[in-house]
Amino acid sequence: MLHLLSLKALRERLQKREVSSVELTKHFIDRIARFSDLNAFISVDEEGALAGAENADKRLNKKESGNLTGIPIAHKDIFCTKRLRTTCGSKMLSGFTAPYDATVVERLANAGCVTIGKTNMDEFAMGSSNETSFFGNVKNPWHTSRVPGGSSGGSAASVAARLIPAATGTDTGGSIRQPAAFCGLTGLKPSYGRVSRYGMVAFASSLDQGGPLTRSAEDSAIMFNAMGGFDPKDSTSIERPVPSVNELLDLDLRGLRLGLPTEFFDSSVDTAVLGSVREALQILEKRGAQLVDVSLPNSAAGIPCYYVIAPAEASSNLSRFDGVRFGHRSEQADSLLDLYECSRAEGFGEEVKRRILIGTYVLSAGYYDAYYLKAQKIRRVISDDFKKAFEKCDVIVGPTTPSTAFKIGEKTQDPVSMYLNDIFTNTVNLAGLPSLSLPVGLDGAGLPIGMQLIGRFMDETSLIGTAHQFQLETDWHERCPEDFS
């Protein structure tokens with residue numbers, strides 16, 4: 001049962017030559033085909049994956065292996081890959097193949113990973129349910145009538161269903177952590193600038209950040225160590241070394257102060273979610289952590305602030321998709337202006353159009369000061385709230401989402417209700433902080449519950465270390481959806 005093993009266990013099997021990378025890769029390719037109804041993948045590169053696995057086996061035979069040599073993984077289809085098309089879940093890029101690999105793709109390949117394919121996602125990462133993809137919605141393996149979360153829903157569903165040991169994702173307002181919570185995974189959103197954005201198709205440039213979706217904190221540490229680090233090709237990349245895997249995991253919880261924001265523990269959160277989070281806090285407390293009350297008084301402003309800034313940046317970033325240089329080109333146009341209008345009207349889905357229009361509006365001359373400038377001021381206030389809270393604690397803890405996974409189609413006609421799923425996550429992106437979601441229980445319907453850890457800027461160690469110590473005491477991260485074991 002190779003698919004039930006962790007990254008560390010698979011690495012040990014490979015290094016001892018108890019299994020070859022080719023055998024392992026074939027095993028996961030077969031599982032992807034077997035469970036194709038989940039719609040977790042947009043592209044699968046069987047030929048390229050097997051060729052990469054053969055090369056990995058040669059390195060393993062020569063004892064030239066690293067932490068991830070021979071391990072099959074998948075990338076969210078927002079990372080450019082020169083061998084596979086990069087669609088961003090959109091008709092606009094449905095036939096686009098980049099001439100280069102994103103830095104994240106390149107670094108994981110250098111670490112020895114074998115890329116099997118590209119995972120499904122909300123179009124241009126705009127969504128919280130993976131229902132806006134041009135290639136159809138992804139199903140949650142815990143209950144296929146439910147959403148897997150978004151926008152990294154394909155990556156989350158593929159790891160949860162054990163179709164792949166680990167996958168990359170991106171997080172602009174919660175798009176790693178929310179699907180991690182809905183699918184019972186460990187999802188890490190690193191500090192802004194910690195992981196290179198070069199070759200990651202931009203949604204909102206001041207908020208986007210790549211990170212791993214894995215089963216455990218230990219696996220997350222292995223992936224993050226390989227993905228992170230300074231990249232001169234990314235002007236927002238921060239020149240600071242990434243801690244080793246052992247440094248990320250070796251944390252003593254004695255004396256660690258866990259801050260509980262009063263705004264995250266109110267009646268808007270499902271009782272099952274609050275109950276599981278409080279039980280998890282008791283376990284951490286027994287390990288030596290101290291619980292302290294803190295406040296994030298302006299967190300309620302996160303949603304309106306985010307949905308001004310993110311669409312504004314999206315309207316600018318997506319202006320490049322005009323039907324001229326690359327992407328979908330309309331055949332209905334009679335003039336250059338028609339070409340722009342028809343290509344964008346045909347190439348973008350409804351949610352992307354909605355956000356482009358909002359963004360264009362708030363950046364317009366008559367409304368810039370009233371909306372965009374004011375949102376940027378609120379962003380600073382939200383960031384200051386976190387700084388004040390961290391004077392009293394080392395890690396902030398609360399629910400990742402207000403509820404467990406909702407039904408497919410339940411919120412598609414109510415965008416505001418959909419946006420509220422990110423109420424506990426998007427303030428972290430506005431402040432540029434690291435955050436991690438880990439599984440802490442199941443609700444009455446058997447759906448996973450996630451708990452969020454938020455750390456100081458560049459302090460992923462406290463998050464991964466805290467999650468690892470919790471997972472040494474529990475087995476929630478080892479639970480597998482019944483039909484996929």
# chains A, B, ... in the order shown; residues from 1 in each chain; ligands from 1

$ residues_around --residues "stretch 259-265 of chain A" --least-positions-apart "2" --cutoff "7 Å" --atoms "only C-alpha atoms" --output "list in words"
Arg257, Val269, Leu291, Val292, Asp293, Val294, Ser295, Leu296, Cys393, Val395, Ile396, Val397, Gly398 and Pro399 of chain A

$ write_last_selection --atoms "C-alpha atoms" --output "PDB file, in the first residue's frame"
ATOM      1  CA  ARG A 257       2.464  31.172  24.065  1.00  0.00           C
ATOM      2  CA  VAL A 269     -18.260  29.317  13.719  1.00  0.00           C
ATOM      3  CA  LEU A 291      -2.928  29.747  26.180  1.00  0.00           C
ATOM      4  CA  VAL A 292      -3.395  33.514  26.226  1.00  0.00           C
ATOM      5  CA  ASP A 293      -6.246  35.716  25.015  1.00  0.00           C
ATOM      6  CA  VAL A 294      -5.477  38.242  22.283  1.00  0.00           C
ATOM      7  CA  SER A 295      -7.530  40.476  20.025  1.00  0.00           C
ATOM      8  CA  LEU A 296      -7.486  41.280  16.317  1.00  0.00           C
ATOM      9  CA  CYS A 393       2.024  35.468  22.138  1.00  0.00           C
ATOM     10  CA  VAL A 395       1.679  31.793  17.621  1.00  0.00           C
ATOM     11  CA  ILE A 396      -1.933  32.796  16.952  1.00  0.00           C
ATOM     12  CA  VAL A 397      -4.421  29.900  16.816  1.00  0.00           C
ATOM     13  CA  GLY A 398      -8.001  29.549  15.648  1.00  0.00           C
ATOM     14  CA  PRO A 399     -10.274  27.755  13.186  1.00  0.00           C
TER      15      PRO A 399
END

$ residues_around --residues "A:Met227" --least-positions-apart "5" --cutoff "7 Å" --atoms "only C-alpha atoms" --output "ChimeraX atom specification"
/A:104,107-108,195

$ residues_around --residues "stretch 165-176 of chain A" --least-positions-apart "5" --cutoff "6 Å" --atoms "only C-alpha atoms" --output "number ranges by chain"
A: 73-76, 150-152, 155, 159, 187, 207-214, 425-426, 429

$ residues_around --residues "A:Pro72" --least-positions-apart "4" --cutoff "9 Å" --atoms "only C-alpha atoms" --output "number ranges by chain"
A: 21, 24-25, 28, 49, 53, 68, 113-116, 164-166

$ write_last_selection --atoms "N, CA and C atoms" --output "PDB file, in the first residue's frame"
ATOM      1  N   SER A  21      11.724   4.122  -8.165  1.00  0.00           N
ATOM      2  CA  SER A  21      10.927   5.299  -8.484  1.00  0.00           C
ATOM      3  C   SER A  21       9.958   5.007  -9.629  1.00  0.00           C
ATOM      4  N   LEU A  24       7.016   3.210  -8.159  1.00  0.00           N
ATOM      5  CA  LEU A  24       6.239   4.158  -7.364  1.00  0.00           C
ATOM      6  C   LEU A  24       5.426   5.092  -8.275  1.00  0.00           C
ATOM      7  N   THR A  25       6.070   5.589  -9.302  1.00  0.00           N
ATOM      8  CA  THR A  25       5.402   6.501 -10.229  1.00  0.00           C
ATOM      9  C   THR A  25       4.263   5.805 -10.963  1.00  0.00           C
ATOM     10  N   PHE A  28       1.181   5.518  -8.709  1.00  0.00           N
ATOM     11  CA  PHE A  28       0.370   6.721  -8.563  1.00  0.00           C
ATOM     12  C   PHE A  28      -0.324   7.109  -9.870  1.00  0.00           C
ATOM     13  N   ALA A  49       6.879  11.560 -16.757  1.00  0.00           N
ATOM     14  CA  ALA A  49       7.045  11.119 -15.375  1.00  0.00           C
ATOM     15  C   ALA A  49       7.879   9.843 -15.300  1.00  0.00           C
ATOM     16  N   ALA A  53      11.411   9.273 -13.563  1.00  0.00           N
ATOM     17  CA  ALA A  53      11.593   8.226 -12.553  1.00  0.00           C
ATOM     18  C   ALA A  53      12.796   7.350 -12.879  1.00  0.00           C
ATOM     19  N   LEU A  68      14.132  14.240  -1.708  1.00  0.00           N
ATOM     20  CA  LEU A  68      12.940  13.980  -2.506  1.00  0.00           C
ATOM     21  C   LEU A  68      13.221  13.203  -3.793  1.00  0.00           C
ATOM     22  N   CYS A 113      12.377  15.445  -7.343  1.00  0.00           N
ATOM     23  CA  CYS A 113      10.957  15.106  -7.519  1.00  0.00           C
ATOM     24  C   CYS A 113      10.634  14.734  -8.959  1.00  0.00           C
ATOM     25  N   VAL A 114       9.670  13.860  -9.102  1.00  0.00           N
ATOM     26  CA  VAL A 114       9.165  13.446 -10.408  1.00  0.00           C
ATOM     27  C   VAL A 114       7.784  14.073 -10.588  1.00  0.00           C
ATOM     28  N   THR A 115       7.647  14.949 -11.572  1.00  0.00           N
ATOM     29  CA  THR A 115       6.363  15.609 -11.806  1.00  0.00           C
ATOM     30  C   THR A 115       5.448  14.704 -12.616  1.00  0.00           C
ATOM     31  N   ILE A 116       4.304  14.337 -12.023  1.00  0.00           N
ATOM     32  CA  ILE A 116       3.338  13.485 -12.714  1.00  0.00           C
ATOM     33  C   ILE A 116       2.348  14.313 -13.526  1.00  0.00           C
ATOM     34  N   ILE A 164      -1.379  11.165  -4.986  1.00  0.00           N
ATOM     35  CA  ILE A 164      -0.036  11.730  -5.053  1.00  0.00           C
ATOM     36  C   ILE A 164       0.418  11.981  -3.608  1.00  0.00           C
ATOM     37  N   PRO A 165       1.708  11.828  -3.299  1.00  0.00           N
ATOM     38  CA  PRO A 165       2.146  12.039  -1.910  1.00  0.00           C
ATOM     39  C   PRO A 165       2.122  13.493  -1.455  1.00  0.00           C
ATOM     40  N   ALA A 166       2.342  14.425  -2.397  1.00  0.00           N
ATOM     41  CA  ALA A 166       2.387  15.848  -2.048  1.00  0.00           C
ATOM     42  C   ALA A 166       2.148  16.657  -3.310  1.00  0.00           C
TER      43      ALA A 166
END

$ select_by_dssp --residues "stretch 329-408 of chain A" --states "alpha helix (DSSP H)" --output "ChimeraX atom specification"
/A:336-347,350-363,374-389

$ write_last_selection --atoms "N, CA and C atoms" --output "compact mmCIF listing (two decimals), in the first residue's frame"
# COMPACT_ATOMS: atom_id res chain seq x y z
N LEU A 336 -9.32 45.56 -34.16
CA LEU A 336 -8.43 45.32 -33.03
C LEU A 336 -9.21 45.42 -31.71
N LEU A 337 -10.08 46.43 -31.59
CA LEU A 337 -10.87 46.57 -30.38
C LEU A 337 -11.80 45.37 -30.20
N ASP A 338 -12.40 44.92 -31.28
CA ASP A 338 -13.24 43.72 -31.23
C ASP A 338 -12.43 42.52 -30.76
N LEU A 339 -11.19 42.42 -31.24
CA LEU A 339 -10.34 41.30 -30.85
C LEU A 339 -10.11 41.29 -29.35
N TYR A 340 -9.81 42.45 -28.78
CA TYR A 340 -9.63 42.55 -27.33
C TYR A 340 -10.91 42.12 -26.61
N GLU A 341 -12.01 42.73 -27.00
CA GLU A 341 -13.27 42.53 -26.28
C GLU A 341 -13.77 41.09 -26.41
N CYS A 342 -13.77 40.57 -27.62
CA CYS A 342 -14.30 39.22 -27.84
C CYS A 342 -13.39 38.15 -27.23
N SER A 343 -12.09 38.32 -27.33
CA SER A 343 -11.16 37.33 -26.77
C SER A 343 -11.31 37.24 -25.26
N ARG A 344 -11.43 38.37 -24.61
CA ARG A 344 -11.56 38.38 -23.15
C ARG A 344 -12.95 37.91 -22.72
N ALA A 345 -13.98 38.28 -23.48
CA ALA A 345 -15.33 37.84 -23.15
C ALA A 345 -15.46 36.33 -23.28
N GLU A 346 -14.83 35.75 -24.30
CA GLU A 346 -14.90 34.30 -24.52
C GLU A 346 -13.94 33.53 -23.63
N GLY A 347 -12.79 34.15 -23.32
CA GLY A 347 -11.72 33.42 -22.62
C GLY A 347 -11.87 33.37 -21.12
N GLU A 350 -17.11 33.73 -15.47
CA GLU A 350 -17.89 34.76 -14.81
C GLU A 350 -17.21 35.35 -13.57
N GLU A 351 -16.59 34.49 -12.74
CA GLU A 351 -15.95 35.00 -11.52
C GLU A 351 -14.77 35.89 -11.84
N VAL A 352 -13.98 35.50 -12.84
CA VAL A 352 -12.84 36.32 -13.25
C VAL A 352 -13.32 37.66 -13.80
N LYS A 353 -14.36 37.64 -14.61
CA LYS A 353 -14.91 38.89 -15.14
C LYS A 353 -15.40 39.79 -14.00
N ARG A 354 -16.07 39.18 -13.02
CA ARG A 354 -16.58 39.96 -11.89
C ARG A 354 -15.44 40.68 -11.17
N ARG A 355 -14.36 39.97 -10.94
CA ARG A 355 -13.26 40.58 -10.19
C ARG A 355 -12.51 41.62 -11.03
N ILE A 356 -12.39 41.38 -12.33
CA ILE A 356 -11.75 42.38 -13.19
C ILE A 356 -12.56 43.68 -13.18
N LEU A 357 -13.88 43.55 -13.26
CA LEU A 357 -14.74 44.73 -13.27
C LEU A 357 -14.67 45.48 -11.93
N ILE A 358 -14.68 44.73 -10.83
CA ILE A 358 -14.54 45.37 -9.51
C ILE A 358 -13.21 46.09 -9.41
N GLY A 359 -12.15 45.41 -9.83
CA GLY A 359 -10.82 45.99 -9.76
C GLY A 359 -10.66 47.23 -10.61
N THR A 360 -11.22 47.19 -11.82
CA THR A 360 -11.16 48.35 -12.70
C THR A 360 -11.92 49.53 -12.09
N TYR A 361 -13.04 49.23 -11.47
CA TYR A 361 -13.86 50.27 -10.85
C TYR A 361 -13.12 50.95 -9.70
N VAL A 362 -12.54 50.16 -8.79
CA VAL A 362 -11.91 50.76 -7.61
C VAL A 362 -10.61 51.48 -7.95
N LEU A 363 -10.05 51.21 -9.13
CA LEU A 363 -8.84 51.91 -9.55
C LEU A 363 -9.14 53.12 -10.43
N LYS A 374 -8.15 53.70 0.53
CA LYS A 374 -8.66 53.42 1.88
C LYS A 374 -8.38 51.97 2.27
N ALA A 375 -8.52 51.05 1.31
CA ALA A 375 -8.24 49.63 1.60
C ALA A 375 -6.79 49.43 1.97
N GLN A 376 -5.89 50.15 1.33
CA GLN A 376 -4.47 50.02 1.66
C GLN A 376 -4.17 50.54 3.07
N LYS A 377 -4.91 51.57 3.48
CA LYS A 377 -4.74 52.09 4.85
C LYS A 377 -5.25 51.07 5.87
N ILE A 378 -6.39 50.45 5.56
CA ILE A 378 -6.94 49.42 6.44
C ILE A 378 -5.99 48.22 6.51
N ARG A 379 -5.36 47.93 5.39
CA ARG A 379 -4.37 46.83 5.37
C ARG A 379 -3.27 47.06 6.39
N ARG A 380 -2.80 48.28 6.50
CA ARG A 380 -1.75 48.60 7.48
C ARG A 380 -2.30 48.44 8.90
N VAL A 381 -3.53 48.85 9.12
CA VAL A 381 -4.13 48.71 10.45
C VAL A 381 -4.24 47.24 10.83
N ILE A 382 -4.64 46.39 9.89
CA ILE A 382 -4.75 44.95 10.14
C ILE A 382 -3.37 44.37 10.47
N SER A 383 -2.35 44.80 9.74
CA SER A 383 -0.99 44.35 10.01
C SER A 383 -0.53 44.77 11.40
N ASP A 384 -0.88 45.98 11.78
CA ASP A 384 -0.52 46.48 13.12
C ASP A 384 -1.22 45.67 14.21
N ASP A 385 -2.46 45.22 13.95
CA ASP A 385 -3.17 44.38 14.92
C ASP A 385 -2.38 43.10 15.21
N PHE A 386 -1.85 42.49 14.16
CA PHE A 386 -1.06 41.28 14.35
C PHE A 386 0.21 41.57 15.16
N LYS A 387 0.85 42.69 14.88
CA LYS A 387 2.07 43.04 15.62
C LYS A 387 1.77 43.20 17.11
N LYS A 388 0.66 43.84 17.43
CA LYS A 388 0.28 44.02 18.84
C LYS A 388 -0.04 42.68 19.49
N ALA A 389 -0.71 41.81 18.75
CA ALA A 389 -1.06 40.49 19.30
C ALA A 389 0.20 39.68 19.58

$ select_by_dssp --residues "stretch 127-177 of chain A" --states "strand (DSSP E or B)" --output "number ranges by chain"
A: 140, 143, 146, 167-170

$ closest_residue --among "A:Asp322, A:Asp422, A:Glu478, A:Glu46" --to "A:Arg177" --atoms "only C-alpha atoms"
A:Asp422

$ atom_distance --atom1 "atom CA of A:Leu438" --atom2 "atom CA of A:Ser90"
29.5 Å

$ residues_around --residues "A:Ala272" --least-positions-apart "3" --cutoff "12 Å" --atoms "only C-alpha atoms" --output "ChimeraX atom specification"
/A:267-269,275-279,399,401-404,440-450

$ residues_around --residues "stretch 460-472 of chain A" --least-positions-apart "6" --cutoff "6 Å" --atoms "only C-alpha atoms" --output "list in words"
Ala217, Leu248, Leu249 and Leu251 of chain A

$ atom_distance --atom1 "atom CA of A:Phe35" --atom2 "atom CA of A:Asp219"
23.3 Å

$ residues_around --residues "A:Leu256" --least-positions-apart "4" --cutoff "7 Å" --atoms "only C-alpha atoms" --output "list in words"
Ala289, Gln290 and Asp394 of chain A

$ closest_residue --among "A:Asn421, A:Ser205, A:Thr119, A:Thr271" --to "A:Gly149" --atoms "only C-alpha atoms"
A:Asn421

$ closest_residue --among "A:Met92, A:Ala300, A:Leu253, A:Leu373" --to "A:Phe124" --atoms "only C-alpha atoms"
A:Met92

$ atom_distance --atom1 "atom CA of A:Gly127" --atom2 "atom CA of A:Phe424"
15.4 Å

$ closest_residue --among "A:Leu50, A:Ala333, A:Ala160, A:Ala102" --to "A:Phe484" --atoms "only C-alpha atoms"
A:Ala160

$ closest_residue --among "A:Arg17, A:Arg59, A:Pro141, A:Thr86" --to "A:Ser485" --atoms "only C-alpha atoms"
A:Pro141
